[in-house]
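Below: target_5.txt (compact mmCIF, C-alpha atoms)
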# COMPACT_ATOMS: atom_id res chain seq x y z
CA MET A 26 20.31 16.71 -2.55
CA LYS A 27 19.23 15.58 0.94
CA ASP A 28 15.59 15.60 -0.25
CA LEU A 29 16.48 12.71 -2.57
CA ILE A 30 15.77 10.37 0.37
CA TYR A 31 12.04 10.98 -0.04
CA PRO A 32 11.57 9.76 -3.62
CA LEU A 33 14.02 6.93 -2.90
CA SER A 34 11.87 5.92 0.08
CA ALA A 35 8.77 5.84 -2.12
CA ALA A 36 10.59 3.77 -4.72
CA GLY A 37 11.94 1.45 -2.04
CA LEU A 38 8.49 0.78 -0.59
CA PHE A 39 7.13 0.15 -4.08
CA ALA A 40 9.98 -2.27 -4.90
CA LEU A 41 9.77 -4.16 -1.60
CA ASP A 42 6.00 -4.51 -1.77
CA GLN A 43 6.09 -5.67 -5.40
CA ARG A 44 8.80 -8.20 -4.54
CA MET A 45 6.66 -9.58 -1.70
CA LYS A 46 3.59 -9.73 -3.94
CA ASN A 47 5.48 -11.56 -6.69
CA ARG A 48 6.92 -14.04 -4.20
CA VAL A 49 3.52 -14.75 -2.65
CA GLU A 50 1.96 -15.17 -6.10
CA LYS A 51 4.63 -17.70 -7.10
CA THR A 52 4.98 -19.68 -3.89
CA MET A 53 1.65 -19.75 -2.06
CA GLY A 54 -1.59 -21.50 -2.86
CA GLY A 55 -4.91 -19.72 -2.48
CA GLN A 56 -5.88 -21.32 0.84
CA GLU A 57 -2.39 -21.78 2.25
CA LYS A 58 -1.55 -20.02 5.52
CA LYS A 59 1.91 -19.77 7.11
CA PRO A 60 2.10 -18.49 10.69
CA ILE A 61 5.17 -16.36 11.48
CA LEU A 62 6.32 -14.29 14.47
CA LYS A 63 5.03 -16.86 16.96
CA GLY A 64 1.71 -17.09 15.13
CA ARG A 65 0.88 -13.40 15.50
CA VAL A 66 1.18 -12.77 11.75
CA ILE A 67 -0.21 -15.08 9.09
CA LEU A 68 1.25 -15.10 5.58
CA ARG A 69 -1.40 -15.87 2.95
CA ARG A 70 -2.33 -14.94 -0.58
CA SER A 71 -5.43 -12.89 -1.23
CA HIS A 72 -6.64 -11.10 -4.36
CA ASN A 73 -8.55 -7.87 -3.77
CA TYR A 74 -10.57 -6.77 -6.81
CA GLY A 75 -11.90 -3.61 -5.17
CA ALA A 76 -10.52 -1.06 -2.76
CA PHE A 77 -10.05 -1.50 0.99
CA LEU A 78 -11.92 -4.62 2.21
CA ASN A 79 -12.90 -5.34 -1.41
CA LEU A 80 -15.24 -2.32 -1.49
CA GLY A 81 -16.25 -1.67 -5.08
CA GLU A 82 -15.17 -5.10 -6.33
CA LYS A 83 -18.12 -5.14 -8.74
CA LYS A 84 -16.96 -1.77 -10.14
CA SER A 85 -13.27 -2.61 -10.51
CA GLN A 86 -12.81 -0.33 -13.55
CA LEU A 87 -14.05 2.66 -11.51
CA VAL A 88 -11.76 1.64 -8.63
CA ARG A 89 -8.81 1.54 -11.07
CA ILE A 90 -9.61 5.00 -12.43
CA LEU A 91 -10.02 6.49 -8.95
CA SER A 92 -6.83 4.80 -7.75
CA VAL A 93 -4.77 6.25 -10.59
CA GLY A 94 -6.39 9.67 -10.22
CA VAL A 95 -5.79 9.92 -6.49
CA THR A 96 -2.23 8.63 -6.93
CA ALA A 97 -1.55 11.28 -9.60
CA ALA A 98 -2.94 14.03 -7.36
CA ALA A 99 -0.78 12.84 -4.45
CA ALA A 100 2.26 12.74 -6.77
CA ALA A 101 1.61 16.34 -7.84
CA LEU A 102 1.34 17.41 -4.19
CA PHE A 103 4.54 15.50 -3.44
CA VAL A 104 6.46 17.29 -6.22
CA CYS A 105 5.22 20.67 -4.96
CA THR A 106 6.19 19.78 -1.40
CA LEU A 107 9.67 18.60 -2.43
CA THR A 108 10.48 21.99 -3.92
CA ARG A 109 9.90 23.76 -0.57
CA LYS A 110 12.35 23.99 2.29
CA GLY A 111 11.44 22.16 5.47
CA ASN A 112 8.19 20.18 5.66
CA GLY A 113 10.09 16.99 6.53
CA LEU A 114 7.04 15.26 8.02
CA ALA A 115 4.92 16.11 4.97
CA LYS A 116 7.65 14.87 2.62
CA ALA A 117 8.09 11.65 4.60
CA GLY A 118 4.33 11.10 4.80
CA LEU A 119 3.82 11.68 1.10
CA SER A 120 6.77 9.36 0.33
CA LEU A 121 5.13 6.50 2.20
CA LEU A 122 1.69 7.30 0.82
CA LEU A 123 3.00 7.41 -2.75
CA GLY A 124 5.11 4.27 -2.49
CA GLY A 125 2.04 2.37 -1.33
CA ALA A 126 -0.34 4.05 -3.76
CA PHE A 127 1.95 3.36 -6.73
CA SER A 128 2.25 -0.29 -5.75
CA ASN A 129 -1.48 -0.89 -5.34
CA SER A 130 -2.32 1.15 -8.46
CA TYR A 131 0.27 -0.84 -10.41
CA ASP A 132 -1.47 -4.04 -9.32
CA ARG A 133 -4.89 -2.72 -10.28
CA LEU A 134 -3.67 -1.72 -13.74
CA PHE A 135 -1.54 -4.74 -14.61
CA ARG A 136 -2.87 -7.64 -12.54
CA LYS A 137 -6.49 -6.37 -12.35
CA TYR A 138 -6.42 -7.03 -8.58
CA VAL A 139 -4.27 -6.07 -5.60
CA VAL A 140 -2.24 -8.83 -3.98
CA ASP A 141 -2.54 -8.83 -0.19
CA TYR A 142 -0.37 -11.24 1.77
CA PHE A 143 -0.54 -11.02 5.53
CA SER A 144 -3.02 -10.75 8.35
CA PHE A 145 -2.82 -10.58 12.12
CA SER A 146 -3.93 -13.30 14.50
CA THR A 147 -5.97 -11.35 17.06
CA GLY A 148 -8.58 -13.91 18.09
CA ILE A 149 -11.25 -11.55 16.73
CA GLY A 150 -12.74 -13.27 13.67
CA ALA A 151 -13.57 -10.12 11.69
CA LEU A 152 -10.08 -8.68 12.19
CA ASP A 153 -8.35 -11.99 11.50
CA ARG A 154 -9.98 -12.12 8.04
CA VAL A 155 -8.59 -8.75 6.91
CA VAL A 156 -5.53 -9.24 4.70
CA PHE A 157 -2.98 -6.46 4.12
CA ASN A 158 0.18 -5.71 2.20
CA LEU A 159 3.09 -3.35 2.96
CA ALA A 160 1.65 -0.76 0.58
CA ASP A 161 -1.48 -0.53 2.75
CA PHE A 162 0.62 0.39 5.77
CA GLY A 163 2.58 2.94 3.76
CA ILE A 164 -0.68 4.55 2.65
CA VAL A 165 -2.16 4.69 6.15
CA ILE A 166 0.99 5.88 7.94
CA GLY A 167 1.74 8.34 5.13
CA ALA A 168 -1.79 9.75 5.19
CA VAL A 169 -1.65 10.24 8.96
CA CYS A 170 1.73 12.00 8.77
CA THR A 171 0.53 14.19 5.91
CA ALA A 172 -2.69 15.05 7.73
CA LEU A 173 -0.75 15.97 10.87
CA THR A 174 1.22 18.55 8.89
CA ALA A 175 -2.02 20.18 7.76
CA LEU A 176 -3.11 20.82 11.36
Could you write out this structure as structure tokens?
Amino acid sequence: MKDLIYPLSAAGLFALDQRMKNRVEKTMGGQEKKPILKGRVILRRSHNYGAFLNLGEKKSQLVRILSVGVTAAAAALFVCTLTRKGNGLAKAGLSLLLGGAFSNSYDRLFRKYVVDYFSFSTGIGALDRVVFNLADFGIVIGAVCTALTAL
């Protein structure tokens, strides 16, 4: 019963990220930028037709297929991990990874692009142009946690 927190965490990340994406889609124009947190974070709307940093944007169908395939494989690993005692870090990592992967895969399937909505103001032009969403952070943090359990 206590392992129920892991799928609920994945579902919570998915729901929160989708809510943010829907809000940004409805309320922000394409070039609009709203500084928050003393200007350190910039809210904006960006459509990503590829994978990370728009890689593969010209092959969006392939990106969609790969996204769904990798998400399905991670979900299978998650289910196998949930049935074992212990492995809390692996379960938590896979929860975050899956919540993010489901959200971005959902976008790719139903919107045909991933909605990204915030960037950081670093003063470094190349970094300032990268736009993220909460799902991206779930994927990265979840992948790191999962990888650490494999060591």
* Asked: Distance atom CA of Ala76 of chain A-atom CA of Phe127 of chain A, one decimal place?
  ->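 Computed distance, atom CA of Ala76 of chain A to atom CA of Phe127 of chain A, equals 13.8 Å.
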Hey, which bits of segment 54-113 of chain A sit within 12 Å of segment 138-154 of chain A, and for each residue what's the closest pair of atoms and how far apart in Å (one decimal), counting all atoms listed in the file, rows by chain and increasing number, as JSON lines?
{"residue": "A:Gly54", "atom": "CA", "partner": "A:Tyr142", "partner_atom": "CA", "distance": 11.3}
{"residue": "A:Gly55", "atom": "CA", "partner": "A:Tyr142", "partner_atom": "CA", "distance": 10.5}
{"residue": "A:Gln56", "atom": "CA", "partner": "A:Tyr142", "partner_atom": "CA", "distance": 11.5}
{"residue": "A:Glu57", "atom": "CA", "partner": "A:Tyr142", "partner_atom": "CA", "distance": 10.7}
{"residue": "A:Lys58", "atom": "CA", "partner": "A:Phe143", "partner_atom": "CA", "distance": 9.1}
{"residue": "A:Lys59", "atom": "CA", "partner": "A:Phe143", "partner_atom": "CA", "distance": 9.2}
{"residue": "A:Pro60", "atom": "CA", "partner": "A:Ser146", "partner_atom": "CA", "distance": 8.8}
{"residue": "A:Ile61", "atom": "CA", "partner": "A:Phe143", "partner_atom": "CA", "distance": 9.8}
{"residue": "A:Leu62", "atom": "CA", "partner": "A:Phe145", "partner_atom": "CA", "distance": 10.1}
{"residue": "A:Lys63", "atom": "CA", "partner": "A:Ser146", "partner_atom": "CA", "distance": 10.0}
{"residue": "A:Gly64", "atom": "CA", "partner": "A:Ser146", "partner_atom": "CA", "distance": 6.8}
{"residue": "A:Arg65", "atom": "CA", "partner": "A:Ser146", "partner_atom": "CA", "distance": 4.9}
{"residue": "A:Val66", "atom": "CA", "partner": "A:Phe145", "partner_atom": "CA", "distance": 4.6}
{"residue": "A:Ile67", "atom": "CA", "partner": "A:Ser144", "partner_atom": "CA", "distance": 5.2}
{"residue": "A:Leu68", "atom": "CA", "partner": "A:Phe143", "partner_atom": "CA", "distance": 4.5}
{"residue": "A:Arg69", "atom": "CA", "partner": "A:Tyr142", "partner_atom": "CA", "distance": 4.9}
{"residue": "A:Arg70", "atom": "CA", "partner": "A:Tyr142", "partner_atom": "CA", "distance": 4.8}
{"residue": "A:Ser71", "atom": "CA", "partner": "A:Asp141", "partner_atom": "CA", "distance": 5.1}
{"residue": "A:His72", "atom": "CA", "partner": "A:Val140", "partner_atom": "CA", "distance": 5.0}
{"residue": "A:Asn73", "atom": "CA", "partner": "A:Val139", "partner_atom": "CA", "distance": 5.0}
{"residue": "A:Tyr74", "atom": "CA", "partner": "A:Tyr138", "partner_atom": "CA", "distance": 4.5}
{"residue": "A:Gly75", "atom": "CA", "partner": "A:Tyr138", "partner_atom": "CA", "distance": 7.3}
{"residue": "A:Ala76", "atom": "CA", "partner": "A:Val139", "partner_atom": "CA", "distance": 8.5}
{"residue": "A:Phe77", "atom": "CA", "partner": "A:Val139", "partner_atom": "CA", "distance": 9.9}
{"residue": "A:Leu78", "atom": "CA", "partner": "A:Arg154", "partner_atom": "CA", "distance": 9.7}
{"residue": "A:Asn79", "atom": "CA", "partner": "A:Val139", "partner_atom": "CA", "distance": 9.6}
{"residue": "A:Gly81", "atom": "CA", "partner": "A:Tyr138", "partner_atom": "CA", "distance": 11.7}
{"residue": "A:Glu82", "atom": "CA", "partner": "A:Tyr138", "partner_atom": "CA", "distance": 9.2}
{"residue": "A:Lys83", "atom": "CA", "partner": "A:Tyr138", "partner_atom": "CA", "distance": 11.9}
{"residue": "A:Lys84", "atom": "CA", "partner": "A:Tyr138", "partner_atom": "CA", "distance": 11.9}
{"residue": "A:Ser85", "atom": "CA", "partner": "A:Tyr138", "partner_atom": "CA", "distance": 8.4}
{"residue": "A:Gln86", "atom": "CA", "partner": "A:Tyr138", "partner_atom": "CA", "distance": 10.5}
{"residue": "A:Val88", "atom": "CA", "partner": "A:Tyr138", "partner_atom": "CA", "distance": 10.2}
{"residue": "A:Arg89", "atom": "CA", "partner": "A:Tyr138", "partner_atom": "CA", "distance": 9.2}
{"residue": "A:Ser92", "atom": "CA", "partner": "A:Val139", "partner_atom": "CA", "distance": 11.4}
* Which of these residues is nearest to Arg133 of chain A, using only C-alpha atoms: A:Leu38, A:Leu176, A:Pro32, A:Leu91? -> A:Leu91
* **Shell of 8 Å around segment 101-109 of chain A, only C-alpha atoms, local chain residues under 5 positions omitted, as a ChimeraX atom specification** => /A:28,115-116,119-120
* At what distance in Å, to one decimal, does atom CA of Lys27 of chain A lie from atom CA of Asp161 of chain A? ->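 Pair atom CA of Asp161 of chain A / atom CA of Lys27 of chain A returns 26.3 Å.
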* What would the list of residues within 10 Å of (10.5, 8.0, 0.7) (file frame) look like as a ChimeraX atom specification, if all atoms listed in the file are what count? -> /A:28-39,116-124,163,167
* To do: Kindly indicate which residue among A:Ile90, A:Met53, A:Ala126, A:Ala40 lies nearest to Val165 of chain A, using only C-alpha atoms for the distances.
  => A:Ala126
* Asked: Which one of A:Val169, A:Ile164, A:Thr174, A:Asn47 sits closest to Val95 of chain A if you count all atoms listed in the file?
  ->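 Among A:Val169, A:Ile164, A:Thr174, A:Asn47, it is A:Ile164 that comes nearest to Val95 of chain A.
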At the level of C-alpha atoms, write segment 116-155 of chain A to a file as a tab-separated table (two decimals), in the first residue's frame, please.
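Once written, result-v6.tsv looks like this:
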chain	number	residue	atom	x	y	z
A	116	LYS	CA	10.90	3.70	-7.62
A	117	ALA	CA	11.06	7.44	-6.94
A	118	GLY	CA	13.32	8.02	-9.95
A	119	LEU	CA	11.11	6.01	-12.28
A	120	SER	CA	8.04	7.85	-10.93
A	121	LEU	CA	9.50	11.21	-11.88
A	122	LEU	CA	10.83	9.93	-15.19
A	123	LEU	CA	7.47	8.41	-16.11
A	124	GLY	CA	5.39	11.40	-15.05
A	125	GLY	CA	7.51	13.59	-17.31
A	126	ALA	CA	7.71	11.08	-20.14
A	127	PHE	CA	3.94	10.55	-20.15
A	128	SER	CA	3.33	14.29	-20.25
A	129	ASN	CA	5.71	14.99	-23.13
A	130	SER	CA	4.59	11.88	-25.04
A	131	TYR	CA	0.96	12.94	-24.56
A	132	ASP	CA	1.81	16.30	-26.10
A	133	ARG	CA	3.61	14.70	-29.04
A	134	LEU	CA	0.65	12.41	-29.75
A	135	PHE	CA	-2.22	14.84	-29.28
A	136	ARG	CA	-0.81	18.33	-29.89
A	137	LYS	CA	1.92	17.22	-32.35
A	138	TYR	CA	4.42	19.33	-30.35
A	139	VAL	CA	5.59	19.64	-26.75
A	140	VAL	CA	4.67	22.81	-24.90
A	141	ASP	CA	7.62	24.32	-23.03
A	142	TYR	CA	6.97	27.31	-20.80
A	143	PHE	CA	9.88	28.60	-18.78
A	144	SER	CA	13.53	29.47	-19.11
A	145	PHE	CA	16.21	30.81	-16.82
A	146	SER	CA	17.77	34.24	-17.03
A	147	THR	CA	21.49	33.47	-16.74
A	148	GLY	CA	23.03	36.22	-18.86
A	149	ILE	CA	24.39	33.51	-21.17
A	150	GLY	CA	22.53	33.86	-24.47
A	151	ALA	CA	22.58	30.19	-25.47
A	152	LEU	CA	21.28	29.07	-22.07
A	153	ASP	CA	18.68	31.84	-21.89
A	154	ARG	CA	17.10	30.59	-25.14
A	155	VAL	CA	16.49	27.04	-23.85
